[in-house]
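What follows is a set of notes on a single structure, which appears directly below.
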Amino acid sequence: MPLSFASRLDKVETSAIRELFKLLGKPGIISFAGGFPDAAMFDVQGLREASQQALAEQPGAALQYGATEGFDPLREELAAFMRAKGVAGVDAQGLIVTTGSQQALDLLGKTLVDPGDRVIVEGPTFLATIQCFRLYGADVVSAPIDGDGVQVDRLEQLVIEQRPKFIYLIPTFGNPSGALLSLERRRRVLELAVKHQVAVVEDDPYGDLYFGAAPPPSLLALSSEVPGSRELLAHCGSLSKVLSPGLRVGWLVAPPELLSRATMCKQFSDAHTSTFAQATAAQYLRSGRMPATLATVRQVYARRAAAMGAALQRELGDAISFTQPQGGLFFWARLTGAGGRLRDAGEFARRAVEQGVAFVPGAPFFATEPDQSSFRLSFATADEDKIEEGVRRLARALD
Ligand code: PMP
């Protein structure tokens, strides 16, 4: 019998980026393509001790089925982690643990999106989010961004025109944009949410990865200053980028009626996030090692970002334009076409692989109106020497 698949799959496709990843097996290739943190920075010793403690102190809980909402000691630690970042009034009951923040996004899609609903995202935004919301039938529309994040005037206009179910934003060091939404724009986003009674999803896996001064408060932290906004806000957090993506520990903060529905859907999906991973994460956060871990990753990524910015400026000059990121893992750049050089980032990516360096073209990160000249470079997994060499190869690919 031939297999007959659900029609919802017609709305999504295997990402173009995956096709490119197949080329990465080439020996000697320098990759700026991935969205991964650097495995060399995982606090292996700290996690080993945390997992041993989890097994020694709570073997039953760490290995048994658990509550769908999450392992309570971890929920307490995560709430304290959020409060330390200026989020008032969040406690363990106000969040659920998810299997990575990716699952939180899936649960939001499942609980909020009906086929045909509009969802507004940044153009560009995280590709998996676009695909995930489309899987539930959303019509995903892009709002333009600039160096300060989403353009709020355009966003408001789109809200009025499209009447979206919700707005999805990565306000702090977006993937792929690296952009940081200014404080003034954060306030305006919350105000327009209240004015138009539209929900906002804040995805924040990179907020802790800042290189200099701390970024403005998250939308969630700021929501206590904008009456009525907290009831319209969902916030996704993650330990993936600062500690370990393999742990698959993320969380969702949302109003109670949304949190209870998301919990119900999670129950049908994976019952709960790995109790062993949760108990390990709880022990880790309790161990007091997180501040030192954060300081290390910030320092290493800051050096790499500085090296990449300087090398791009030196080697590619006016052939590209970009904003130096203040945190996160990514440079977002555009081919300017200056001097009659290449404008198409897809072609640039193919030529780059021939020169031994990989990155991802930007067009797939747009839900609508793709910018064919844009591309994303990750500086996370290459050391400074590799970054220098990789950027020289990029320059050769452009010539
Ligand atoms: N949101 C954004 C913006 C991301 O870049 C990622 C990871 N690339 C995720 C969510 C998912 O991360 P995780 O599930 O590991 O928490």
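Order determines the names: the first chain of the structure tokens is A, the second B, and so forth; residues in each chain are numbered 1 upward, and ligands are numbered 1 upward as they are shown.
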
Find the residues near ligand 1. Use a cut-off of 6 Å, count only C-alpha atoms and all ligand atoms, and write them as a list of chain:residue names.
-> A:Gly35, A:Gly100, A:Ser101, A:Gln102, A:Phe126, A:Asn175, A:Asp203, A:Pro205, A:Ser238, A:Ser240, A:Pro245, A:Arg248, A:Gly250

May I have the residues within 8 Å of Leu180 in chain A as an MDAnalysis selection string, using only C-alpha atoms and disregarding those fewer than 4 positions away in the same chain?
-> chainID A and resid 147:149 171:174 215 326

Contact residues around Leu78 in chain A with only C-alpha atoms at 9 Å, ignoring same-chain residues under 6 positions, as a ChimeraX atom specification = /A:91-92,95,97,251,282,285

Any chance you could export the current selection's C-alpha atoms as an mmCIF file, in the first residue's frame?
```
data_model
loop_
_atom_site.group_PDB
_atom_site.id
_atom_site.type_symbol
_atom_site.label_atom_id
_atom_site.label_comp_id
_atom_site.auth_asym_id
_atom_site.auth_seq_id
_atom_site.Cartn_x
_atom_site.Cartn_y
_atom_site.Cartn_z
ATOM 1 C CA ASP A 91 8.284 31.638 39.960
ATOM 2 C CA ALA A 92 8.569 27.908 39.346
ATOM 3 C CA LEU A 95 7.222 28.209 33.622
ATOM 4 C CA VAL A 97 10.558 22.882 31.154
ATOM 5 C CA TRP A 251 11.672 26.530 29.109
ATOM 6 C CA ALA A 282 19.264 21.613 38.231
ATOM 7 C CA LEU A 285 22.645 25.660 38.195
#
```

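All residues in range 214-383 of chain A with a DSSP state of strand (DSSP E), computed from the backbone, read Leu233, Ala234, His235, Cys236, Gly237, Ser238, Val249, Gly250, Trp251, Leu252, Val253, Ile320, Ser321, Phe322, Phe330, Phe331, Trp332, Ala333, Arg334, Leu335, Val357, Ala358, Val360, Pro361, Ser374, Phe375, Arg376, Leu377 and Ser378 of chain A.
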
File dump, residues just selected, N, CA and C atoms, as an mmCIF file, in the first residue's frame:
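As a result, out-v3.cif now contains:
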```cif
data_model
loop_
_atom_site.group_PDB
_atom_site.id
_atom_site.type_symbol
_atom_site.label_atom_id
_atom_site.label_comp_id
_atom_site.auth_asym_id
_atom_site.auth_seq_id
_atom_site.Cartn_x
_atom_site.Cartn_y
_atom_site.Cartn_z
ATOM 1 N N LEU A 233 2.266 37.892 26.586
ATOM 2 C CA LEU A 233 3.646 37.560 26.258
ATOM 3 C C LEU A 233 3.996 36.118 26.608
ATOM 4 N N ALA A 234 4.655 35.435 25.654
ATOM 5 C CA ALA A 234 5.267 34.126 25.942
ATOM 6 C C ALA A 234 6.766 34.291 25.725
ATOM 7 N N HIS A 235 7.554 33.642 26.551
ATOM 8 C CA HIS A 235 9.013 33.801 26.486
ATOM 9 C C HIS A 235 9.663 32.416 26.485
ATOM 10 N N CYS A 236 10.527 32.177 25.505
ATOM 11 C CA CYS A 236 11.222 30.885 25.410
ATOM 12 C C CYS A 236 12.679 31.068 25.809
ATOM 13 N N GLY A 237 13.135 30.250 26.746
ATOM 14 C CA GLY A 237 14.540 30.286 27.173
ATOM 15 C C GLY A 237 15.204 28.954 26.858
ATOM 16 N N SER A 238 16.538 28.933 26.950
ATOM 17 C CA SER A 238 17.266 27.713 26.583
ATOM 18 C C SER A 238 18.635 27.676 27.251
ATOM 19 N N VAL A 249 17.507 21.170 27.232
ATOM 20 C CA VAL A 249 16.733 21.817 28.282
ATOM 21 C C VAL A 249 16.415 23.257 27.868
ATOM 22 N N GLY A 250 15.138 23.510 27.702
ATOM 23 C CA GLY A 250 14.650 24.861 27.453
ATOM 24 C C GLY A 250 13.472 25.094 28.379
ATOM 25 N N TRP A 251 12.842 26.283 28.273
ATOM 26 C CA TRP A 251 11.672 26.530 29.109
ATOM 27 C C TRP A 251 10.760 27.553 28.460
ATOM 28 N N LEU A 252 9.545 27.534 28.935
ATOM 29 C CA LEU A 252 8.527 28.445 28.413
ATOM 30 C C LEU A 252 7.865 29.167 29.578
ATOM 31 N N VAL A 253 7.894 30.496 29.519
ATOM 32 C CA VAL A 253 7.158 31.313 30.486
ATOM 33 C C VAL A 253 5.963 31.867 29.723
ATOM 34 N N ILE A 320 30.961 43.813 0.758
ATOM 35 C CA ILE A 320 29.856 43.411 1.637
ATOM 36 C C ILE A 320 29.540 44.536 2.624
ATOM 37 N N SER A 321 28.324 44.481 3.175
ATOM 38 C CA SER A 321 28.004 45.385 4.285
ATOM 39 C C SER A 321 27.496 44.535 5.441
ATOM 40 N N PHE A 322 27.823 44.954 6.641
ATOM 41 C CA PHE A 322 27.373 44.194 7.823
ATOM 42 C C PHE A 322 27.414 45.097 9.044
ATOM 43 N N PHE A 330 26.366 35.118 15.417
ATOM 44 C CA PHE A 330 26.289 35.314 13.959
ATOM 45 C C PHE A 330 26.615 36.716 13.451
ATOM 46 N N PHE A 331 27.219 36.726 12.258
ATOM 47 C CA PHE A 331 27.286 37.935 11.433
ATOM 48 C C PHE A 331 26.228 37.770 10.351
ATOM 49 N N TRP A 332 25.531 38.842 10.080
ATOM 50 C CA TRP A 332 24.576 38.875 8.987
ATOM 51 C C TRP A 332 25.110 39.914 8.013
ATOM 52 N N ALA A 333 25.287 39.523 6.768
ATOM 53 C CA ALA A 333 25.937 40.436 5.818
ATOM 54 C C ALA A 333 25.203 40.417 4.489
ATOM 55 N N ARG A 334 25.506 41.419 3.663
ATOM 56 C CA ARG A 334 24.920 41.527 2.324
ATOM 57 C C ARG A 334 26.014 41.778 1.327
ATOM 58 N N LEU A 335 25.875 41.171 0.146
ATOM 59 C CA LEU A 335 26.774 41.484 -0.963
ATOM 60 C C LEU A 335 26.286 42.792 -1.567
ATOM 61 N N VAL A 357 35.528 27.000 2.146
ATOM 62 C CA VAL A 357 34.875 27.669 3.282
ATOM 63 C C VAL A 357 33.359 27.636 3.056
ATOM 64 N N ALA A 358 32.615 27.424 4.133
ATOM 65 C CA ALA A 358 31.162 27.292 3.985
ATOM 66 C C ALA A 358 30.425 28.292 4.868
ATOM 67 N N VAL A 360 25.990 29.992 5.155
ATOM 68 C CA VAL A 360 24.652 29.774 4.589
ATOM 69 C C VAL A 360 24.099 31.045 3.947
ATOM 70 N N PRO A 361 23.549 30.916 2.724
ATOM 71 C CA PRO A 361 22.890 32.061 2.101
ATOM 72 C C PRO A 361 21.655 32.456 2.899
ATOM 73 N N SER A 374 21.824 38.394 0.843
ATOM 74 C CA SER A 374 22.211 38.274 2.248
ATOM 75 C C SER A 374 22.780 36.898 2.565
ATOM 76 N N PHE A 375 23.585 36.843 3.601
ATOM 77 C CA PHE A 375 24.126 35.552 4.056
ATOM 78 C C PHE A 375 24.499 35.620 5.535
ATOM 79 N N ARG A 376 24.639 34.440 6.145
ATOM 80 C CA ARG A 376 24.957 34.352 7.573
ATOM 81 C C ARG A 376 26.296 33.671 7.772
ATOM 82 N N LEU A 377 27.118 34.261 8.620
ATOM 83 C CA LEU A 377 28.402 33.648 8.970
ATOM 84 C C LEU A 377 28.405 33.405 10.478
ATOM 85 N N SER A 378 28.711 32.190 10.887
ATOM 86 C CA SER A 378 28.852 31.926 12.317
ATOM 87 C C SER A 378 30.329 31.935 12.684
#
```

Step one, run DSSP on the backbone; step two, keep only residues of range 126-323 of chain A assigned to alpha helix (DSSP H); then write them as a ChimeraX atom specification.
-> /A:127-135,152-162,183-196,219-222,256-269,275-287,290-316

Of the candidates A:Met290, A:Glu225, A:Asp106, A:Ala395, which one gets nearest to Gln131 in chain A if we count only C-alpha atoms?
->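 Going through A:Met290, A:Glu225, A:Asp106, A:Ala395 one by one, the smallest distance to Gln131 in chain A is for A:Asp106.
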
Do you have the CA of Arg8 in chain A-CA of Gly116 in chain A distance handy?
-> 11.7 Å

Pick out the closest residue to Val113 in chain A from this set: A:Leu155, A:Leu183, A:Ala305, A:Val140. Count only C-alpha atoms.
->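 Counting only C-alpha atoms, the residue closest to Val113 in chain A is A:Val140.
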
Which residues come within 8 Å of Arg118 in chain A, counting only C-alpha atoms, excluding same-chain residues fewer than 5 positions away, as a ChimeraX atom specification?
-> /A:138-141,162-166

Using only C-alpha atoms, please write the residues we just selected to a file, as a compact mmCIF listing (two decimals), in the first residue's frame.
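This is the output file out.txt:
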```txt
# COMPACT_ATOMS: atom_id res chain seq x y z
CA ALA A 138 0.21 29.49 9.59
CA ASP A 139 0.62 32.08 6.90
CA VAL A 140 3.98 33.50 8.01
CA VAL A 141 4.69 37.12 7.10
CA GLN A 162 -2.74 41.27 8.76
CA ARG A 163 -4.44 40.90 12.16
CA PRO A 164 -1.93 38.19 13.15
CA LYS A 165 -2.50 35.57 15.83
CA PHE A 166 0.85 36.57 17.30
```

Within 12 Å of Leu112 in chain A using only C-alpha atoms, minus same-chain residues under 6 positions, as a count of residues only = 24

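In this structure, CA of Leu169 in chain A sits 18.5 Å away from CA of Leu239 in chain A.
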